[in-house]
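Engineer: Just so it is clear, I am handing over run-v2.tsv, which has TSV, C-alpha atoms.
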```
chain	number	residue	atom	x	y	z
A	1263	MET	CA	164.50	80.81	131.35
A	1264	LYS	CA	163.58	84.04	129.56
A	1265	LYS	CA	162.43	86.95	131.71
A	1266	TRP	CA	159.75	89.45	130.69
A	1267	LEU	CA	158.57	92.47	132.63
A	1268	ILE	CA	154.85	93.29	132.76
A	1269	ALA	CA	154.53	97.07	132.98
A	1270	THR	CA	151.92	97.07	135.75
A	1271	LYS	CA	151.53	97.24	139.52
A	1272	ASN	CA	148.19	95.41	139.33
A	1273	LYS	CA	148.67	92.05	141.10
A	1274	GLY	CA	145.64	90.48	139.41
A	1275	LYS	CA	147.00	91.21	135.94
A	1276	VAL	CA	150.42	89.85	136.93
A	1277	GLN	CA	148.90	86.54	138.07
A	1278	ASP	CA	147.01	86.21	134.76
A	1279	PHE	CA	150.20	86.75	132.76
A	1280	ARG	CA	152.27	84.39	134.94
A	1281	HIS	CA	149.71	81.66	134.45
A	1282	LEU	CA	149.71	82.14	130.69
A	1283	PHE	CA	153.46	82.30	130.14
A	1284	GLN	CA	154.75	79.60	132.51
A	1285	LYS	CA	154.23	76.91	129.84
A	1286	TYR	CA	156.51	78.87	127.46
A	1287	ASP	CA	159.42	78.98	129.90
A	1288	ILE	CA	159.05	82.73	130.33
A	1289	GLU	CA	159.38	84.13	133.83
A	1290	ILE	CA	157.08	87.10	134.44
A	1291	ILE	CA	158.07	89.91	136.78
A	1292	SER	CA	156.19	93.17	137.39
A	1293	LEU	CA	157.04	96.74	138.34
A	1294	LEU	CA	156.43	95.64	141.95
A	1295	ASP	CA	159.39	93.21	141.75
A	1296	LEU	CA	162.02	95.80	140.82
A	1297	ASP	CA	164.60	97.03	143.34
A	1298	GLU	CA	164.42	100.56	141.94
A	1299	PRO	CA	161.02	102.15	141.26
A	1300	VAL	CA	160.25	103.03	137.64
A	1301	GLU	CA	158.41	106.29	137.03
A	1302	ASP	CA	155.03	106.05	135.31
A	1303	VAL	CA	155.26	106.64	131.57
A	1304	GLU	CA	153.04	109.51	130.51
A	1305	GLU	CA	150.25	108.23	128.26
A	1306	THR	CA	150.17	110.94	125.61
A	1307	GLY	CA	148.83	108.77	122.78
A	1308	THR	CA	145.39	109.18	121.24
A	1309	THR	CA	144.84	105.42	120.71
A	1310	PHE	CA	145.18	102.34	122.89
A	1311	GLU	CA	147.94	101.13	120.54
A	1312	GLU	CA	149.99	104.32	120.93
A	1313	ASN	CA	149.76	104.27	124.73
A	1314	ALA	CA	150.63	100.58	125.06
A	1315	ILE	CA	153.64	101.05	122.73
A	1316	LEU	CA	154.79	104.18	124.62
A	1317	LYS	CA	154.82	102.29	127.93
A	1318	ALA	CA	156.40	99.10	126.58
A	1319	GLU	CA	159.17	100.83	124.60
A	1320	ALA	CA	160.11	103.38	127.29
A	1321	ILE	CA	160.51	100.74	130.00
A	1322	SER	CA	162.18	98.20	127.67
A	1323	GLU	CA	164.76	100.82	126.72
A	1324	LEU	CA	165.29	101.83	130.36
A	1325	LEU	CA	165.78	98.26	131.63
A	1326	ASN	CA	167.14	96.63	128.44
A	1327	MET	CA	164.74	93.68	128.62
A	1328	PRO	CA	161.48	92.51	126.98
A	1329	VAL	CA	158.48	94.42	128.33
A	1330	LEU	CA	154.76	93.73	127.92
A	1331	ALA	CA	152.41	96.68	128.46
A	1332	ASP	CA	148.68	97.02	128.02
A	1333	ASP	CA	146.28	99.88	127.54
A	1334	SER	CA	142.59	99.27	127.82
A	1335	GLY	CA	139.28	101.02	128.22
A	1336	LEU	CA	135.65	101.38	127.22
A	1337	GLU	CA	134.34	102.76	123.90
A	1338	ILE	CA	130.67	103.82	123.83
A	1339	ASP	CA	129.13	104.35	120.40
A	1340	SER	CA	126.55	106.98	121.44
A	1341	LEU	CA	129.34	109.01	123.12
A	1342	ASP	CA	131.46	109.00	119.92
A	1343	GLY	CA	133.85	106.40	121.39
A	1344	ARG	CA	134.29	108.08	124.77
A	1345	PRO	CA	135.65	107.52	127.37
A	1346	GLY	CA	138.18	105.56	125.22
A	1347	VAL	CA	141.83	106.13	126.15
A	1348	TYR	CA	140.66	108.40	128.99
A	1349	SER	CA	138.61	105.61	130.65
A	1350	ALA	CA	140.56	105.53	133.94
A	1351	ARG	CA	140.49	109.33	134.35
A	1352	TYR	CA	137.10	110.07	132.75
A	1353	ALA	CA	135.70	111.85	135.83
A	1354	GLY	CA	139.05	113.29	136.98
A	1355	GLU	CA	142.73	112.61	137.57
A	1356	ASP	CA	142.08	110.66	140.80
A	1357	LYS	CA	140.96	107.58	138.76
A	1358	ASP	CA	137.76	107.03	140.79
A	1359	ASP	CA	135.77	104.06	139.41
A	1360	THR	CA	132.49	105.14	141.03
A	1361	LYS	CA	132.71	108.70	139.69
A	1362	ASN	CA	133.56	107.36	136.22
A	1363	LEU	CA	130.51	105.05	136.25
A	1364	HIS	CA	128.15	107.81	137.29
A	1365	LYS	CA	129.52	110.22	134.70
A	1366	VAL	CA	128.77	107.66	131.94
A	1367	ILE	CA	125.28	106.89	133.32
A	1368	ASN	CA	124.44	110.61	133.50
A	1369	GLU	CA	125.71	111.27	129.97
A	1370	MET	CA	123.59	108.38	128.65
A	1371	GLU	CA	120.43	109.16	130.60
A	1372	ASP	CA	118.31	109.76	127.48
A	1373	VAL	CA	119.95	107.13	125.23
A	1374	PRO	CA	117.48	104.33	124.29
A	1375	ASP	CA	118.39	100.65	124.80
A	1376	GLU	CA	119.09	99.96	121.11
A	1377	LYS	CA	121.69	102.76	120.99
A	1378	ARG	CA	123.62	101.79	124.15
A	1379	THR	CA	126.17	99.61	122.30
A	1380	ALA	CA	129.77	99.64	123.54
A	1381	ARG	CA	132.93	97.58	123.73
A	1382	PHE	CA	135.83	97.00	126.04
A	1383	VAL	CA	139.18	97.24	124.22
A	1384	CYS	CA	142.59	95.94	125.31
A	1385	VAL	CA	145.83	96.40	123.38
A	1386	LEU	CA	148.94	94.49	124.46
A	1387	ALA	CA	152.34	95.71	123.26
A	1388	VAL	CA	155.56	93.70	123.48
A	1389	ALA	CA	158.80	95.69	123.15
A	1390	ARG	CA	162.15	93.86	122.96
A	1391	PRO	CA	165.55	95.55	122.69
A	1392	GLY	CA	166.59	95.90	119.05
A	1393	GLU	CA	163.35	94.43	117.67
A	1394	GLU	CA	160.14	95.84	116.30
A	1395	THR	CA	157.36	96.26	118.87
A	1396	ILE	CA	154.29	94.10	118.25
A	1397	THR	CA	150.71	94.79	119.35
A	1398	LYS	CA	147.66	92.56	119.76
A	1399	ARG	CA	144.12	93.93	120.18
A	1400	GLY	CA	141.21	92.19	121.90
A	1401	THR	CA	137.63	93.42	122.26
A	1402	CYS	CA	134.43	92.43	124.04
A	1403	GLU	CA	131.17	93.77	122.56
A	1404	GLY	CA	128.16	94.62	124.69
A	1405	LYS	CA	125.91	97.42	125.91
A	1406	ILE	CA	125.71	99.90	128.76
A	1407	THR	CA	123.08	99.27	131.47
A	1408	HIS	CA	121.00	102.04	133.07
A	1409	GLU	CA	122.50	101.45	136.52
A	1410	PRO	CA	125.43	99.56	138.11
A	1411	ILE	CA	124.71	95.87	138.79
A	1412	GLY	CA	127.08	93.38	140.50
A	1413	THR	CA	130.06	93.61	142.82
A	1414	ASN	CA	132.79	91.58	141.07
A	1415	GLY	CA	135.44	93.01	138.78
A	1416	PHE	CA	136.46	96.66	138.67
A	1417	GLY	CA	136.21	99.79	136.54
A	1418	TYR	CA	133.16	99.86	134.28
A	1419	ASP	CA	132.25	96.17	134.82
A	1420	PRO	CA	129.00	96.96	136.76
A	1421	ILE	CA	127.47	98.87	133.80
A	1422	PHE	CA	128.73	96.67	130.94
A	1423	GLN	CA	126.54	93.78	129.77
A	1424	PRO	CA	128.40	91.54	127.30
A	1425	GLU	CA	126.68	90.57	124.06
A	1426	ASP	CA	124.30	87.59	124.35
A	1427	MET	CA	124.45	87.63	128.17
A	1428	GLU	CA	121.85	88.60	130.77
A	1429	LYS	CA	124.46	89.60	133.37
A	1430	THR	CA	126.90	92.49	133.64
A	1431	MET	CA	130.66	91.85	133.77
A	1432	ALA	CA	130.46	92.53	137.52
A	1433	GLU	CA	128.03	89.62	137.99
A	1434	LEU	CA	130.36	87.08	136.32
A	1435	SER	CA	132.95	84.93	138.07
A	1436	SER	CA	136.61	85.59	137.24
A	1437	ALA	CA	136.69	82.46	135.05
A	1438	GLU	CA	133.55	83.50	133.15
A	1439	LYS	CA	134.89	87.02	132.65
A	1440	ASN	CA	138.35	85.86	131.48
A	1441	ALA	CA	136.75	83.56	128.90
A	1442	ILE	CA	135.10	86.48	127.07
A	1443	SER	CA	136.98	89.59	128.16
A	1444	HIS	CA	138.89	92.03	125.97
A	1445	ARG	CA	142.10	91.22	127.88
A	1446	GLY	CA	141.47	87.48	127.50
A	1447	ASN	CA	140.94	87.90	123.75
A	1448	ALA	CA	144.12	89.98	123.37
A	1449	LEU	CA	146.05	87.39	125.39
A	1450	LYS	CA	144.82	84.58	123.10
A	1451	LYS	CA	146.25	86.46	120.10
A	1452	LEU	CA	149.49	87.12	121.97
A	1453	GLU	CA	149.73	83.46	122.96
A	1454	THR	CA	149.48	82.46	119.28
A	1455	TRP	CA	152.35	84.87	118.54
A	1456	VAL	CA	154.48	83.53	121.44
A	1457	LYS	CA	154.02	79.96	120.15
A	1458	GLU	CA	155.42	81.02	116.76
A	1459	GLN	CA	158.61	82.55	118.22
```
Spit out the file's structure as structure tokens when you get a sec.

Structural biologist:
Amino acid sequence: MKKWLIATKNKGKVQDFRHLFQKYDIEIISLLDLDEPVEDVEETGTTFEENAILKAEAISELLNMPVLADDSGLEIDSLDGRPGVYSARYAGEDKDDTKNLHKVINEMEDVPDEKRTARFVCVLAVARPGEETITKRGTCEGKITHEPIGTNGFGYDPIFQPEDMEKTMAELSSAEKNAISHRGNALKKLETWVKEQ
């Protein structure tokens, strides 16, 4: 059985990837499963693609094995694409979801409903020793609400209302969210690629 490392310490993400890849005879391990800790790779890129590739290639080279990394975030049209690649640290280095939400709401206080369009973006990068790194991008279009609604999910989910839905991401069940999410859409593209290998 092939073994791939997912460059994350997020247990929820790991479960999603394990579920997806088990049918392809690929065993998924995460940074939490390693005997020796791996230092975080500095995300110095200006795009989701650059950051995902940086993480995947650095860890693949270090461990000499296939590595899957993702970089994701929220792009808001009226904020010129912000917070973008800085989504997790938008309100500071401590990565505080609540502070990030309130910073966005405050910055968009005077933005009318028709101009509150946004999207979640996820880029997955697969780096394998001696091979070219591949990336797959998934998005989920929607708009920013005027206040947080819902308690499920994480990050910006309480202020993001997906296109053609009356609920925010944080009001959806995990299954409903995965069916439309940016990560789910990127995974579908990656799954197509895995099938062709």

Engineer: Could the residues of range 1308-1422 of chain A that have an atom at most 12 Å from range 1452-1459 of chain A be listed as CSV, each with its closest atom pair and the distance in Å to one decimal, counting only C-alpha atoms and ordered by chain and ascending residue number?

Structural biologist:
```
residue,atom,partner,partner_atom,distance
A:Leu1330,CA,A:Leu1452,CA,10.3
A:Ala1331,CA,A:Leu1452,CA,11.9
A:Asp1332,CA,A:Leu1452,CA,11.6
A:Cys1384,CA,A:Leu1452,CA,11.7
A:Val1385,CA,A:Leu1452,CA,10.1
A:Leu1386,CA,A:Leu1452,CA,7.8
A:Ala1387,CA,A:Leu1452,CA,9.1
A:Val1388,CA,A:Leu1452,CA,9.1
A:Ile1396,CA,A:Leu1452,CA,9.3
A:Thr1397,CA,A:Leu1452,CA,8.2
A:Lys1398,CA,A:Leu1452,CA,6.2
A:Arg1399,CA,A:Leu1452,CA,8.9
A:Gly1400,CA,A:Leu1452,CA,9.7
```

Engineer: Which of these, A:Asp1356, A:Gln1277, A:Arg1381, A:Glu1323, has the shortest distance to Arg1344 in chain A once you count all atoms listed in the file?

Structural biologist: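 For Arg1344 in chain A, the nearest of the candidates is A:Arg1381.
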
Engineer: Given all atoms listed in the file as the basis, pick out the residue of A:Asn1313, A:Gly1274, A:Thr1401, A:Asn1414 nearest to Lys1450 in chain A.

Structural biologist: A:Thr1401

Engineer: Suppose you want the space between CA of Ala1314 in chain A and CA of Tyr1348 in chain A; what is it in Å?

Structural biologist: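 Taking CA of Ala1314 in chain A as the start and CA of Tyr1348 in chain A as the end point, the length is 13.3 Å.
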
Engineer: Counting only C-alpha atoms, which residues come within 10 Å of (131.1, 92.8, 146.3), with the point read in the file's coordinates, and could you list them as a list in words?

Structural biologist: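 Residues close enough to count: Gly1412, Thr1413, Asn1414, Gly1415, Ala1432 and Glu1433 of chain A.
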
Engineer: Return the single residue from A:His1281, A:Lys1405, A:Lys1451, A:Arg1390 that is closest to Trp1266 in chain A, with distances computed using all atoms listed in the file.

Structural biologist: A:Arg1390

Engineer: List the residues sitting within 9 Å of (163.2, 99.5, 119.9) in the file's frame, using all atoms listed in the file, as a PyMOL selection string.

Structural biologist: chain A and resi 1319-1320+1322-1323+1389-1395

Engineer: Determine, counting only C-alpha atoms, which protein, DNA and RNA residues have an atom within 7 Å of an atom of range 1289-1298 of chain A; residues of the same chain fewer than 4 positions away are not included. Present the result as number ranges by chain.

Structural biologist: A: 1263-1271, 1276, 1280, 1284

Engineer: Tell me, in Å to one decimal, how far CA of Ile1315 in chain A is from CA of Asp1287 in chain A.

Structural biologist: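 Straight-line distance from CA of Ile1315 in chain A to CA of Asp1287 in chain A works out to 23.9 Å.
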
Engineer: From the set A:Ser1349, A:Asn1447, A:Asn1362, A:Asn1272, which residue has the shortest atom-to-atom contact distance to Glu1337 in chain A, counting only C-alpha atoms?

Structural biologist: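 Checking each of A:Ser1349, A:Asn1447, A:Asn1362, A:Asn1272 against Glu1337 in chain A, counting only C-alpha atoms, the winner is A:Ser1349.
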
Engineer: Which residue is closest to Asp1342 in chain A? Choose from A:Ile1321, A:Val1303, A:Ile1367, A:Ala1380 and count all atoms listed in the file.

Structural biologist: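 For Asp1342 in chain A, the nearest of the given residues is A:Ala1380.
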
Engineer: Rounded to one decimal, what separation in Å do you get between CA of Glu1301 in chain A and CA of Arg1351 in chain A?

Structural biologist: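 For CA of Glu1301 in chain A relative to CA of Arg1351 in chain A, the distance reads 18.4 Å.
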
Engineer: Rank A:Ile1406, A:Leu1336, A:Ile1411, A:Ala1318 by their smallest atom-to-atom distance to Glu1305 in chain A, using all atoms listed in the file, and report the top residue only.

Structural biologist: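 Of the candidates, the smallest distance to Glu1305 in chain A is held by A:Ala1318.
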
Engineer: Got a sec: who's within 12 Å of Glu1369 in chain A, counting all atoms listed in the file, leaving out chain neighbours fewer than 3 positions off, as JSON, numbers by chain?

Structural biologist: {"A": [1338, 1340, 1341, 1342, 1344, 1345, 1352, 1353, 1362, 1363, 1364, 1365, 1366, 1372, 1373, 1378, 1406, 1408]}

Engineer: So which residues touch Thr1407 in chain A within 10 Å, counting only C-alpha atoms, skipping near sequence neighbours fewer than 6 positions away, as number ranges by chain?

Structural biologist: A: 1367, 1370, 1375, 1378-1379, 1420-1423, 1429-1430

Engineer: Grab the residues selected above and save them as a PDB file, in the coordinates of the input with C-alpha atoms.

Structural biologist:
```
ATOM      1  CA  ILE A1367     125.280 106.890 133.320  1.00  0.00           C
ATOM      2  CA  MET A1370     123.590 108.380 128.650  1.00  0.00           C
ATOM      3  CA  ASP A1375     118.390 100.650 124.800  1.00  0.00           C
ATOM      4  CA  ARG A1378     123.620 101.790 124.150  1.00  0.00           C
ATOM      5  CA  THR A1379     126.170  99.610 122.300  1.00  0.00           C
ATOM      6  CA  PRO A1420     129.000  96.960 136.760  1.00  0.00           C
ATOM      7  CA  ILE A1421     127.470  98.870 133.800  1.00  0.00           C
ATOM      8  CA  PHE A1422     128.730  96.670 130.940  1.00  0.00           C
ATOM      9  CA  GLN A1423     126.540  93.780 129.770  1.00  0.00           C
ATOM     10  CA  LYS A1429     124.460  89.600 133.370  1.00  0.00           C
ATOM     11  CA  THR A1430     126.900  92.490 133.640  1.00  0.00           C
TER      12      THR A1430
END
```

Engineer: Would you place a box with edges along x, y and z of the file around all atoms of range 1430-1436 of chain A listed there, add 4 Å to each of its six sides, and report the centre and edge lengths in Å to one decimal, as JSON?

Structural biologist:
```
{"center_x": 131.8, "center_y": 88.7, "center_z": 135.9, "size_x": 17.7, "size_y": 15.6, "size_z": 12.4}
```
